[in-house]
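target_25.cif follows; it contains mmCIF, C-alpha atoms.
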data_model
#
loop_
_atom_site.group_PDB
_atom_site.id
_atom_site.type_symbol
_atom_site.label_atom_id
_atom_site.label_comp_id
_atom_site.auth_asym_id
_atom_site.auth_seq_id
_atom_site.Cartn_x
_atom_site.Cartn_y
_atom_site.Cartn_z
ATOM 1 C CA MET X 239 155.243 143.346 52.312
ATOM 2 C CA THR X 240 155.188 140.119 50.297
ATOM 3 C CA PRO X 241 154.829 140.799 46.550
ATOM 4 C CA THR X 242 152.233 139.025 44.428
ATOM 5 C CA ILE X 243 154.664 138.229 41.600
ATOM 6 C CA SER X 244 158.286 137.153 41.663
ATOM 7 C CA VAL X 245 160.085 137.646 38.344
ATOM 8 C CA ILE X 246 162.649 134.865 37.850
ATOM 9 C CA LEU X 247 165.656 136.407 36.129
ATOM 10 C CA PRO X 248 168.921 134.496 35.624
ATOM 11 C CA VAL X 249 171.668 136.711 34.181
ATOM 12 C CA PHE X 250 174.967 135.838 32.559
ATOM 13 C CA ASN X 251 176.760 138.470 30.478
ATOM 14 C CA GLY X 252 173.541 140.221 29.492
ATOM 15 C CA GLY X 253 175.394 142.782 27.393
ATOM 16 C CA PRO X 254 173.474 145.565 25.644
ATOM 17 C CA TYR X 255 170.083 143.873 26.091
ATOM 18 C CA LEU X 256 170.062 143.750 29.902
ATOM 19 C CA GLU X 257 169.196 147.380 30.617
ATOM 20 C CA PRO X 258 166.228 147.679 28.189
ATOM 21 C CA MET X 259 164.897 144.358 29.503
ATOM 22 C CA LEU X 260 164.927 145.663 33.095
ATOM 23 C CA GLU X 261 163.286 148.909 31.978
ATOM 24 C CA SER X 262 160.490 146.905 30.351
ATOM 25 C CA LEU X 263 159.836 145.145 33.664
ATOM 26 C CA LEU X 264 159.817 148.331 35.724
ATOM 27 C CA ALA X 265 157.355 149.855 33.222
ATOM 28 C CA GLN X 266 154.678 147.217 33.980
ATOM 29 C CA THR X 267 151.203 148.595 34.660
ATOM 30 C CA TYR X 268 150.828 145.996 37.427
ATOM 31 C CA GLY X 269 153.426 147.013 39.982
ATOM 32 C CA ASP X 270 153.138 144.479 42.827
ATOM 33 C CA PHE X 271 156.188 142.399 41.972
ATOM 34 C CA GLU X 272 159.825 141.753 42.804
ATOM 35 C CA ILE X 273 162.601 140.956 40.350
ATOM 36 C CA VAL X 274 164.744 138.109 41.669
ATOM 37 C CA CYS X 275 168.047 138.401 39.788
ATOM 38 C CA VAL X 276 170.720 135.727 40.054
ATOM 39 C CA ASP X 277 173.952 136.896 38.455
ATOM 40 C CA ASP X 278 175.571 133.656 37.315
ATOM 41 C CA GLY X 279 179.158 134.873 37.461
ATOM 42 C CA SER X 280 178.941 137.536 34.746
ATOM 43 C CA THR X 281 182.264 138.822 33.436
ATOM 44 C CA ASP X 282 180.992 141.831 31.471
ATOM 45 C CA GLY X 283 179.239 144.894 32.878
ATOM 46 C CA SER X 284 176.061 143.044 33.881
ATOM 47 C CA SER X 285 176.844 143.045 37.609
ATOM 48 C CA ALA X 286 177.177 146.830 37.642
ATOM 49 C CA ILE X 287 173.910 147.263 35.725
ATOM 50 C CA LEU X 288 172.062 145.003 38.174
ATOM 51 C CA ALA X 289 173.551 146.875 41.150
ATOM 52 C CA ARG X 290 172.480 150.208 39.684
ATOM 53 C CA PHE X 291 168.890 149.032 39.154
ATOM 54 C CA ALA X 292 168.750 147.503 42.655
ATOM 55 C CA GLU X 293 169.810 150.848 44.123
ATOM 56 C CA ARG X 294 167.222 152.662 42.022
ATOM 57 C CA ASP X 295 164.240 150.390 42.797
ATOM 58 C CA PRO X 296 163.872 148.186 45.935
ATOM 59 C CA ARG X 297 161.824 145.666 43.932
ATOM 60 C CA VAL X 298 165.053 144.590 42.221
ATOM 61 C CA ARG X 299 166.857 142.010 44.395
ATOM 62 C CA VAL X 300 170.241 140.667 43.271
ATOM 63 C CA TRP X 301 172.368 137.667 44.245
ATOM 64 C CA ARG X 302 175.666 136.694 42.672
ATOM 65 C CA GLN X 303 176.992 133.142 42.362
ATOM 66 C CA VAL X 304 179.885 131.334 40.739
ATOM 67 C CA ASN X 305 179.011 130.462 37.148
ATOM 68 C CA SER X 306 176.904 127.284 37.341
ATOM 69 C CA GLY X 307 174.697 127.421 34.246
ATOM 70 C CA ILE X 308 171.204 128.661 33.522
ATOM 71 C CA ILE X 309 169.360 125.783 35.223
ATOM 72 C CA ALA X 310 171.182 126.376 38.509
ATOM 73 C CA ALA X 311 170.642 130.141 38.208
ATOM 74 C CA ARG X 312 166.905 129.762 37.547
ATOM 75 C CA ASN X 313 166.492 127.339 40.438
ATOM 76 C CA ALA X 314 168.440 129.662 42.736
ATOM 77 C CA ALA X 315 166.089 132.520 41.817
ATOM 78 C CA ILE X 316 163.018 130.344 42.386
ATOM 79 C CA SER X 317 164.288 129.311 45.829
ATOM 80 C CA ARG X 318 164.465 133.010 46.810
ATOM 81 C CA ALA X 319 161.084 133.985 45.328
ATOM 82 C CA ARG X 320 158.475 135.291 47.780
ATOM 83 C CA GLY X 321 155.510 135.839 45.454
ATOM 84 C CA ALA X 322 152.501 133.583 44.921
ATOM 85 C CA PHE X 323 153.154 133.751 41.162
ATOM 86 C CA LEU X 324 156.395 133.235 39.265
ATOM 87 C CA ALA X 325 156.890 135.234 36.064
ATOM 88 C CA LEU X 326 159.709 133.994 33.850
ATOM 89 C CA GLN X 327 161.891 136.444 31.968
ATOM 90 C CA ASP X 328 164.943 136.058 29.744
ATOM 91 C CA GLN X 329 167.771 138.607 29.878
ATOM 92 C CA ASP X 330 167.626 139.258 26.115
ATOM 93 C CA ASP X 331 163.878 139.806 25.799
ATOM 94 C CA LEU X 332 161.282 142.489 26.505
ATOM 95 C CA SER X 333 157.926 142.351 28.285
ATOM 96 C CA GLU X 334 155.119 144.597 27.070
ATOM 97 C CA PRO X 335 153.761 146.993 29.755
ATOM 98 C CA ARG X 336 150.472 145.128 30.242
ATOM 99 C CA ARG X 337 151.933 141.629 30.453
ATOM 100 C CA PHE X 338 151.669 141.140 34.232
ATOM 101 C CA GLU X 339 148.299 142.896 34.441
ATOM 102 C CA ALA X 340 146.777 140.620 31.798
ATOM 103 C CA GLN X 341 148.213 137.423 33.283
ATOM 104 C CA ILE X 342 147.110 138.201 36.839
ATOM 105 C CA ALA X 343 143.613 138.937 35.491
ATOM 106 C CA ALA X 344 143.563 135.533 33.778
ATOM 107 C CA PHE X 345 144.509 133.774 37.029
ATOM 108 C CA ALA X 346 141.783 135.688 38.882
ATOM 109 C CA CYS X 347 139.173 134.499 36.376
ATOM 110 C CA ASP X 348 140.142 130.809 36.582
ATOM 111 C CA PRO X 349 141.118 129.321 39.972
ATOM 112 C CA GLU X 350 142.258 126.135 38.171
ATOM 113 C CA LEU X 351 144.693 128.011 35.938
ATOM 114 C CA VAL X 352 148.274 127.078 36.886
ATOM 115 C CA LEU X 353 150.220 128.200 33.815
ATOM 116 C CA CYS X 354 149.611 131.236 31.611
ATOM 117 C CA GLY X 355 151.729 132.277 28.649
ATOM 118 C CA THR X 356 151.229 134.946 26.003
ATOM 119 C CA GLN X 357 151.701 135.303 22.288
ATOM 120 C CA ALA X 358 155.079 136.773 21.378
ATOM 121 C CA MET X 359 156.743 138.856 18.713
ATOM 122 C CA GLN X 360 160.181 137.740 17.577
ATOM 123 C CA ILE X 361 162.688 140.584 17.210
ATOM 124 C CA ASP X 362 166.311 140.763 16.121
ATOM 125 C CA GLY X 363 169.302 142.343 17.821
ATOM 126 C CA LYS X 364 168.249 145.789 16.595
ATOM 127 C CA ASP X 365 164.643 145.484 17.860
ATOM 128 C CA ARG X 366 163.270 144.933 14.348
ATOM 129 C CA LYS X 367 160.142 142.791 14.241
ATOM 130 C CA LEU X 368 160.582 139.424 12.541
ATOM 131 C CA HIS X 369 157.458 137.340 13.038
ATOM 132 C CA SER X 370 154.867 136.518 15.681
ATOM 133 C CA THR X 371 153.727 133.336 17.384
ATOM 134 C CA HIS X 372 150.366 131.633 16.972
ATOM 135 C CA LEU X 373 150.302 129.496 20.116
ATOM 136 C CA PRO X 374 147.262 127.475 21.267
ATOM 137 C CA ALA X 375 145.039 129.305 23.744
ATOM 138 C CA GLN X 376 142.823 126.573 25.242
ATOM 139 C CA HIS X 377 144.059 123.963 27.714
ATOM 140 C CA GLU X 378 143.041 120.996 25.542
ATOM 141 C CA ASP X 379 144.894 122.385 22.541
ATOM 142 C CA VAL X 380 147.966 123.153 24.661
ATOM 143 C CA ILE X 381 148.168 119.555 25.894
ATOM 144 C CA LYS X 382 147.698 118.165 22.374
ATOM 145 C CA ARG X 383 150.628 120.249 21.113
ATOM 146 C CA PHE X 384 153.159 118.975 23.686
ATOM 147 C CA PRO X 385 154.048 115.714 21.831
ATOM 148 C CA VAL X 386 155.040 117.807 18.795
ATOM 149 C CA GLU X 387 156.622 120.942 20.288
ATOM 150 C CA ASN X 388 156.637 123.257 23.285
ATOM 151 C CA PRO X 389 153.295 125.124 23.061
ATOM 152 C CA PHE X 390 154.616 128.105 25.044
ATOM 153 C CA CYS X 391 157.028 130.931 24.478
ATOM 154 C CA HIS X 392 158.883 129.849 27.609
ATOM 155 C CA CYS X 393 159.809 133.154 29.228
ATOM 156 C CA SER X 394 156.401 134.714 28.566
ATOM 157 C CA VAL X 395 154.984 132.288 31.136
ATOM 158 C CA MET X 396 153.602 132.993 34.585
ATOM 159 C CA MET X 397 152.772 130.115 36.940
ATOM 160 C CA ARG X 398 151.485 129.548 40.441
ATOM 161 C CA LYS X 399 154.373 128.934 42.839
ATOM 162 C CA SER X 400 152.206 126.479 44.792
ATOM 163 C CA VAL X 401 152.203 124.167 41.758
ATOM 164 C CA LEU X 402 155.996 123.954 41.792
ATOM 165 C CA ASP X 403 155.789 123.195 45.503
ATOM 166 C CA LYS X 404 153.324 120.408 44.692
ATOM 167 C CA LEU X 405 155.580 119.109 41.913
ATOM 168 C CA GLY X 406 158.483 119.115 44.366
ATOM 169 C CA ARG X 407 161.085 120.493 41.975
ATOM 170 C CA ALA X 408 161.812 123.031 39.275
ATOM 171 C CA TYR X 409 164.245 122.697 36.338
ATOM 172 C CA ILE X 410 166.266 119.487 35.919
ATOM 173 C CA TYR X 411 166.509 118.508 32.210
ATOM 174 C CA PRO X 412 169.550 119.903 30.335
ATOM 175 C CA GLU X 413 168.807 121.507 26.938
ATOM 176 C CA VAL X 414 165.001 121.102 27.274
ATOM 177 C CA ASP X 415 164.485 122.123 30.908
ATOM 178 C CA ASP X 416 161.762 124.629 30.000
ATOM 179 C CA TYR X 417 159.862 122.196 27.752
ATOM 180 C CA GLU X 418 159.855 119.420 30.363
ATOM 181 C CA LEU X 419 158.923 121.594 33.347
ATOM 182 C CA LEU X 420 156.061 123.344 31.553
ATOM 183 C CA PHE X 421 154.691 119.953 30.500
ATOM 184 C CA GLN X 422 154.706 118.679 34.081
ATOM 185 C CA VAL X 423 153.122 121.873 35.434
ATOM 186 C CA ALA X 424 150.442 121.994 32.710
ATOM 187 C CA ARG X 425 149.192 118.539 33.743
ATOM 188 C CA LEU X 426 148.453 119.741 37.296
ATOM 189 C CA GLY X 427 145.671 122.155 36.316
ATOM 190 C CA HIS X 428 144.634 124.408 33.454
ATOM 191 C CA ALA X 429 147.224 125.863 31.074
ATOM 192 C CA SER X 430 146.649 128.492 28.403
ATOM 193 C CA ASN X 431 148.151 131.248 26.279
ATOM 194 C CA LEU X 432 146.619 134.702 26.126
ATOM 195 C CA HIS X 433 145.697 135.994 22.680
ATOM 196 C CA GLN X 434 147.660 139.225 23.153
ATOM 197 C CA ARG X 435 151.283 139.582 22.073
ATOM 198 C CA LEU X 436 152.788 140.686 25.364
ATOM 199 C CA TYR X 437 156.365 139.433 25.025
ATOM 200 C CA ARG X 438 159.168 140.205 22.606
ATOM 201 C CA TYR X 439 161.544 137.296 22.071
ATOM 202 C CA ARG X 440 164.952 138.306 20.768
ATOM 203 C CA VAL X 441 167.050 136.228 18.346
ATOM 204 C CA HIS X 442 170.735 137.000 17.817
ATOM 205 C CA ARG X 443 173.961 135.193 17.007
ATOM 206 C CA ASN X 444 175.213 134.826 20.578
ATOM 207 C CA GLN X 445 171.986 133.248 21.789
ATOM 208 C CA TYR X 446 172.357 129.858 23.506
ATOM 209 C CA SER X 447 169.560 128.263 21.470
ATOM 210 C CA ARG X 448 171.284 129.222 18.210
ATOM 211 C CA ARG X 449 174.746 128.076 19.295
ATOM 212 C CA HIS X 450 173.432 124.696 20.516
ATOM 213 C CA HIS X 451 170.562 124.208 18.088
ATOM 214 C CA GLY X 452 171.465 120.599 17.204
ATOM 215 C CA ARG X 453 171.810 119.364 20.779
ATOM 216 C CA MET X 454 168.490 120.966 21.677
ATOM 217 C CA LEU X 455 166.687 119.330 18.751
ATOM 218 C CA LEU X 456 167.973 115.889 19.700
ATOM 219 C CA ALA X 457 167.173 116.405 23.384
ATOM 220 C CA ARG X 458 163.671 117.561 22.452
ATOM 221 C CA ALA X 459 163.054 114.432 20.396
ATOM 222 C CA ALA X 460 164.280 112.242 23.275
ATOM 223 C CA LEU X 461 161.993 114.057 25.724
ATOM 224 C CA GLN X 462 158.996 113.526 23.452
ATOM 225 C CA ARG X 463 159.818 109.834 23.033
ATOM 226 C CA ASP X 464 160.711 108.986 26.651
ATOM 227 C CA VAL X 465 158.547 111.322 28.750
ATOM 228 C CA ILE X 466 155.765 113.229 27.013
ATOM 229 C CA CYS X 467 154.262 110.613 24.695
ATOM 230 C CA PRO X 468 154.220 107.825 27.345
ATOM 231 C CA ALA X 469 152.678 110.193 29.910
ATOM 232 C CA LEU X 470 149.870 111.176 27.516
ATOM 233 C CA GLY X 471 149.407 107.645 26.164
ATOM 234 C CA VAL X 472 150.052 108.652 22.559
ATOM 235 C CA PRO X 473 152.470 106.936 20.126
ATOM 236 C CA TYR X 474 155.802 108.540 19.411
ATOM 237 C CA ARG X 475 156.459 109.025 15.710
ATOM 238 C CA THR X 476 160.065 107.953 15.177
ATOM 239 C CA VAL X 477 160.311 110.183 12.106
ATOM 240 C CA ARG X 478 160.538 113.176 14.424
ATOM 241 C CA LEU X 479 164.150 112.442 15.331
ATOM 242 C CA ASN X 480 165.195 112.087 11.673
ATOM 243 C CA PHE X 481 163.273 115.252 10.872
ATOM 244 C CA ALA X 482 165.105 117.128 13.645
ATOM 245 C CA MET X 483 168.518 115.922 12.466
ATOM 246 C CA LEU X 484 167.835 117.023 8.881
ATOM 247 C CA ASP X 485 166.526 120.348 10.143
ATOM 248 C CA GLU X 486 169.756 120.821 12.057
ATOM 249 C CA ALA X 487 171.820 120.075 8.934
ATOM 250 C CA ILE X 488 169.866 122.662 6.922
ATOM 251 C CA PHE X 489 170.120 125.234 9.699
ATOM 252 C CA ARG X 490 173.898 124.843 10.050
ATOM 253 C CA ALA X 491 174.530 125.023 6.300
ATOM 254 C CA HIS X 492 172.246 128.041 5.937
ATOM 255 C CA GLN X 493 173.933 129.853 8.843
ATOM 256 C CA ALA X 494 177.355 129.129 7.302
ATOM 257 C CA GLY X 495 176.238 130.481 3.928
ATOM 258 C CA ASP X 496 176.728 127.132 2.173
ATOM 259 C CA ARG X 497 173.788 127.305 -0.235
ATOM 260 C CA ARG X 498 174.591 124.044 -2.041
ATOM 261 C CA LEU X 499 174.761 121.974 1.139
ATOM 262 C CA ALA X 500 171.646 123.650 2.529
ATOM 263 C CA LEU X 501 169.702 122.805 -0.633
ATOM 264 C CA GLU X 502 170.907 119.188 -0.579
ATOM 265 C CA ALA X 503 169.748 118.757 3.019
ATOM 266 C CA THR X 504 166.445 120.470 2.223
ATOM 267 C CA ARG X 505 165.833 118.120 -0.704
ATOM 268 C CA ALA X 506 166.488 115.138 1.584
ATOM 269 C CA GLN X 507 164.014 116.517 4.108
ATOM 270 C CA LEU X 508 161.476 117.190 1.367
ATOM 271 C CA GLN X 509 161.729 113.617 0.038
ATOM 272 C CA LYS X 510 161.039 112.111 3.460
ATOM 273 C CA PHE X 511 158.642 114.699 4.829
ATOM 274 C CA TRP X 512 156.912 116.135 1.752
ATOM 275 C CA TRP X 513 153.698 116.601 3.778
ATOM 276 C CA HIS X 514 155.321 119.000 6.279
ATOM 277 C CA TRP X 515 155.524 122.780 5.785
ATOM 278 C CA ARG X 516 159.111 123.062 7.085
ATOM 279 C CA PRO X 517 161.140 121.969 3.983
ATOM 280 C CA TYR X 518 159.082 124.317 1.794
ATOM 281 C CA SER X 519 159.831 127.152 4.212
ATOM 282 C CA TRP X 520 163.551 126.348 3.983
ATOM 283 C CA LEU X 521 163.414 126.366 0.174
ATOM 284 C CA VAL X 522 161.955 129.855 0.215
ATOM 285 C CA ARG X 523 164.551 131.108 2.695
ATOM 286 C CA ILE X 524 167.482 129.618 0.791
ATOM 287 C CA CYS X 525 166.340 130.545 -2.717
ATOM 288 C CA ILE X 526 165.087 134.090 -2.227
ATOM 289 C CA GLY X 527 167.204 135.110 0.779
ATOM 290 C CA GLU X 528 166.636 135.615 4.493
ATOM 291 C CA ASP X 529 165.818 139.336 4.291
ATOM 292 C CA VAL X 530 163.129 138.830 1.648
ATOM 293 C CA TYR X 531 161.759 135.840 3.555
ATOM 294 C CA ARG X 532 161.459 137.846 6.788
ATOM 295 C CA GLY X 533 159.934 140.765 4.918
ATOM 296 C CA SER X 534 157.296 138.533 3.347
ATOM 297 C CA GLN X 535 156.438 137.173 6.810
ATOM 298 C CA ARG X 536 155.912 140.665 8.166
ATOM 299 C CA LEU X 537 153.744 141.609 5.163
ATOM 300 C CA PHE X 538 151.645 138.462 5.586
ATOM 301 C CA GLU X 539 151.099 139.192 9.279
ATOM 302 C CA ARG X 540 150.018 142.775 8.567
ATOM 303 C CA LEU X 541 147.476 141.554 5.988
ATOM 304 C CA LEU X 542 146.231 138.666 8.167
ATOM 305 C CA PRO X 543 146.767 139.637 11.811
ATOM 306 C CA ALA X 544 146.377 136.981 14.494
#
Transcribe the structure of this file into structure tokens.
Amino acid sequence: MTPTISVILPVFNGGPYLEPMLESLLAQTYGDFEIVCVDDGSTDGSSAILARFAERDPRVRVWRQVNSGIIAARNAAISRARGAFLALQDQDDLSEPRRFEAQIAAFACDPELVLCGTQAMQIDGKDRKLHSTHLPAQHEDVIKRFPVENPFCHCSVMMRKSVLDKLGRAYIYPEVDDYELLFQVARLGHASNLHQRLYRYRVHRNQYSRRHHGRMLLARAALQRDVICPALGVPYRTVRLNFAMLDEAIFRAHQAGDRRLALEATRAQLQKFWWHWRPYSWLVRICIGEDVYRGSQRLFERLLPA
């Protein structure tokens, strides 16, 4: 029988996070789904874990390919999907048990809805909560946010497969493939984020987005300038690229533990972009320490929940 949802799951060396991620999917309260796994040439124990889960539950379907990168792996999974809805999932992250149930209910309430994300909780490599998202819920607010940043937690998203068929493609843009595709899909109907936090997004040192932070920032600025702003008929603010480059310099210095260089880059960002919250956030992180900064975020969110 054809499942309602196809979970798109590219895997490459999933390590210790792969098994708990799969358990979180199999624990969903809405059970009419398949998990389409494309093993992109893993060299650790990921292939064995996927094989074990496929033997345990027939909803887990696995293909293996020569390592070709995450875009090729995602597209390969999409090409094998049988469901009317595609649910994205990253190998490092966790889905809350009611995620699929809540998203399918949202699609049932709005026939024009083509893209539905959720709020997310950021966690570290030891499952400790860091901070939560505050993403726009209404379609109009989602579209307005695109020229500035991606208004979705990418892998919390579920979309109608028919919209990708209408678009005629899936992922094509290196570094910002998720940002670009979600923008194109959102323009073909209604797009929204649920108010519930139904996804846990993991950050850790080996994460692609942390290892290639600079390239992604520059690619994001180029996408905003060349694709998103022209499509929406809004002006591109050239300061965004300079802002992204300074942000990258601060990030790299902070990660390397070079406090002096991080403060110099933060001061440069503050001089040019004094009206933006980001340089002030960096000052707090650098001056009082990352642990205290994260702790203050968690305290603030407990006192003023979203």
For this session: Give the answer as one residue: which of X:Ala429, X:Tyr417, X:Gly307, X:Glu387 has the shortest atom-to-atom distance to Ala482 in chain X, using all atoms listed in the file?
Result: X:Glu387
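When the PyMOL selection byres ((chain X and resi 513-528) around 10) is evaluated on the file shown here, the picked residues come out as Phe481, Leu484, Asp485, Ile488, Phe489, His492, Gly495, Asp496, Arg497, Arg498, Ala500, Leu501, Ala503, Thr504, Arg505, Ala506, Gln507, Leu508, Gln509, Lys510, Phe511, Trp512, Asp529, Val530, Tyr531, Arg532, Gly533 and Ser534 of chain X.
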Please provide as an mmCIF file with C-alpha atoms, in the coordinates of the input all residues within 10 Å of range 393-402 of chain X, with the sequence filter that same-chain residues fewer than 4 positions apart are discarded (counting only C-alpha atoms).
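Listed below is the output, selection.cif:
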data_model
loop_
_atom_site.group_PDB
_atom_site.id
_atom_site.type_symbol
_atom_site.label_atom_id
_atom_site.label_comp_id
_atom_site.auth_asym_id
_atom_site.auth_seq_id
_atom_site.Cartn_x
_atom_site.Cartn_y
_atom_site.Cartn_z
ATOM 1 C CA ILE X 243 154.664 138.229 41.600
ATOM 2 C CA SER X 244 158.286 137.153 41.663
ATOM 3 C CA VAL X 245 160.085 137.646 38.344
ATOM 4 C CA ILE X 246 162.649 134.865 37.850
ATOM 5 C CA LEU X 247 165.656 136.407 36.129
ATOM 6 C CA ILE X 316 163.018 130.344 42.386
ATOM 7 C CA ALA X 319 161.084 133.985 45.328
ATOM 8 C CA ARG X 320 158.475 135.291 47.780
ATOM 9 C CA GLY X 321 155.510 135.839 45.454
ATOM 10 C CA ALA X 322 152.501 133.583 44.921
ATOM 11 C CA PHE X 323 153.154 133.751 41.162
ATOM 12 C CA LEU X 324 156.395 133.235 39.265
ATOM 13 C CA ALA X 325 156.890 135.234 36.064
ATOM 14 C CA LEU X 326 159.709 133.994 33.850
ATOM 15 C CA GLN X 327 161.891 136.444 31.968
ATOM 16 C CA ASP X 328 164.943 136.058 29.744
ATOM 17 C CA GLN X 329 167.771 138.607 29.878
ATOM 18 C CA ASP X 331 163.878 139.806 25.799
ATOM 19 C CA LEU X 332 161.282 142.489 26.505
ATOM 20 C CA SER X 333 157.926 142.351 28.285
ATOM 21 C CA ARG X 337 151.933 141.629 30.453
ATOM 22 C CA PHE X 338 151.669 141.140 34.232
ATOM 23 C CA GLN X 341 148.213 137.423 33.283
ATOM 24 C CA ILE X 342 147.110 138.201 36.839
ATOM 25 C CA PHE X 345 144.509 133.774 37.029
ATOM 26 C CA LEU X 351 144.693 128.011 35.938
ATOM 27 C CA VAL X 352 148.274 127.078 36.886
ATOM 28 C CA LEU X 353 150.220 128.200 33.815
ATOM 29 C CA CYS X 354 149.611 131.236 31.611
ATOM 30 C CA GLY X 355 151.729 132.277 28.649
ATOM 31 C CA THR X 356 151.229 134.946 26.003
ATOM 32 C CA GLN X 357 151.701 135.303 22.288
ATOM 33 C CA ALA X 358 155.079 136.773 21.378
ATOM 34 C CA GLY X 406 158.483 119.115 44.366
ATOM 35 C CA ARG X 407 161.085 120.493 41.975
ATOM 36 C CA ALA X 408 161.812 123.031 39.275
ATOM 37 C CA TYR X 409 164.245 122.697 36.338
ATOM 38 C CA ASP X 416 161.762 124.629 30.000
ATOM 39 C CA LEU X 419 158.923 121.594 33.347
ATOM 40 C CA LEU X 420 156.061 123.344 31.553
ATOM 41 C CA GLN X 422 154.706 118.679 34.081
ATOM 42 C CA VAL X 423 153.122 121.873 35.434
ATOM 43 C CA ALA X 424 150.442 121.994 32.710
ATOM 44 C CA LEU X 426 148.453 119.741 37.296
ATOM 45 C CA GLY X 427 145.671 122.155 36.316
ATOM 46 C CA ALA X 429 147.224 125.863 31.074
ATOM 47 C CA SER X 430 146.649 128.492 28.403
ATOM 48 C CA ASN X 431 148.151 131.248 26.279
ATOM 49 C CA ARG X 435 151.283 139.582 22.073
ATOM 50 C CA LEU X 436 152.788 140.686 25.364
ATOM 51 C CA TYR X 437 156.365 139.433 25.025
ATOM 52 C CA ARG X 438 159.168 140.205 22.606
ATOM 53 C CA TYR X 439 161.544 137.296 22.071
#
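Between CA of Asn251 in chain X and CA of Arg440 in chain X the interatomic distance comes to 15.3 Å.
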Exercise. Do you know which residues lie at most 12 Å from (161.3, 121.4, 24.1), with coordinates as in the file and only C-alpha atoms counted, and could you write them as an MDAnalysis selection string?
Worked result: chainID X and resid 383:392 411:421 447 451 453:463 465:466 482
Explicit residues for the PyMOL selection byres ((chain X and resi 276-278) around 8) (as a compact mmCIF listing (two decimals) with C-alpha atoms, keeping the file's coordinate frame):
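Output below, filename result20.txt:
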# COMPACT_ATOMS: atom_id res chain seq x y z
CA LEU X 247 165.66 136.41 36.13
CA PRO X 248 168.92 134.50 35.62
CA VAL X 249 171.67 136.71 34.18
CA PHE X 250 174.97 135.84 32.56
CA VAL X 274 164.74 138.11 41.67
CA CYS X 275 168.05 138.40 39.79
CA GLY X 279 179.16 134.87 37.46
CA SER X 280 178.94 137.54 34.75
CA SER X 284 176.06 143.04 33.88
CA SER X 285 176.84 143.04 37.61
CA VAL X 300 170.24 140.67 43.27
CA TRP X 301 172.37 137.67 44.24
CA ARG X 302 175.67 136.69 42.67
CA GLN X 303 176.99 133.14 42.36
CA VAL X 304 179.88 131.33 40.74
CA ASN X 305 179.01 130.46 37.15
CA SER X 306 176.90 127.28 37.34
CA GLY X 307 174.70 127.42 34.25
CA ILE X 308 171.20 128.66 33.52
CA ALA X 311 170.64 130.14 38.21
CA ARG X 312 166.90 129.76 37.55
CA ALA X 314 168.44 129.66 42.74
CA ALA X 315 166.09 132.52 41.82
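A straight line drawn from CA of Glu334 in chain X to CA of Tyr268 in chain X is 11.3 Å long.
Picture a line from CA of Arg336 in chain X to CA of Thr267 in chain X; it runs 5.7 Å.
Of the residues under consideration (X:Pro241, X:Gly283, X:Gly253, X:Pro258), X:Pro258 shows the shortest atom-to-atom contact distance to Asp365 in chain X when counting only C-alpha atoms.
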For this session: Would you translate the PyMOL selection byres ((chain X and resi 363) around 8) into the concrete set of residues it matches in this file, as a ChimeraX atom specification?
Result: /X:361-362,364-366,440-442
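Distance check against Glu272 in chain X using all atoms listed in the file: of X:Arg490, X:His377, X:Arg290, X:Arg297, the minimum falls on X:Arg297.
Of the residues listed (X:Glu339, X:Asp330, X:Glu261, X:Asp295), X:Glu339 shows the shortest atom-to-atom separation from Thr242 in chain X; distances use all atoms listed in the file.
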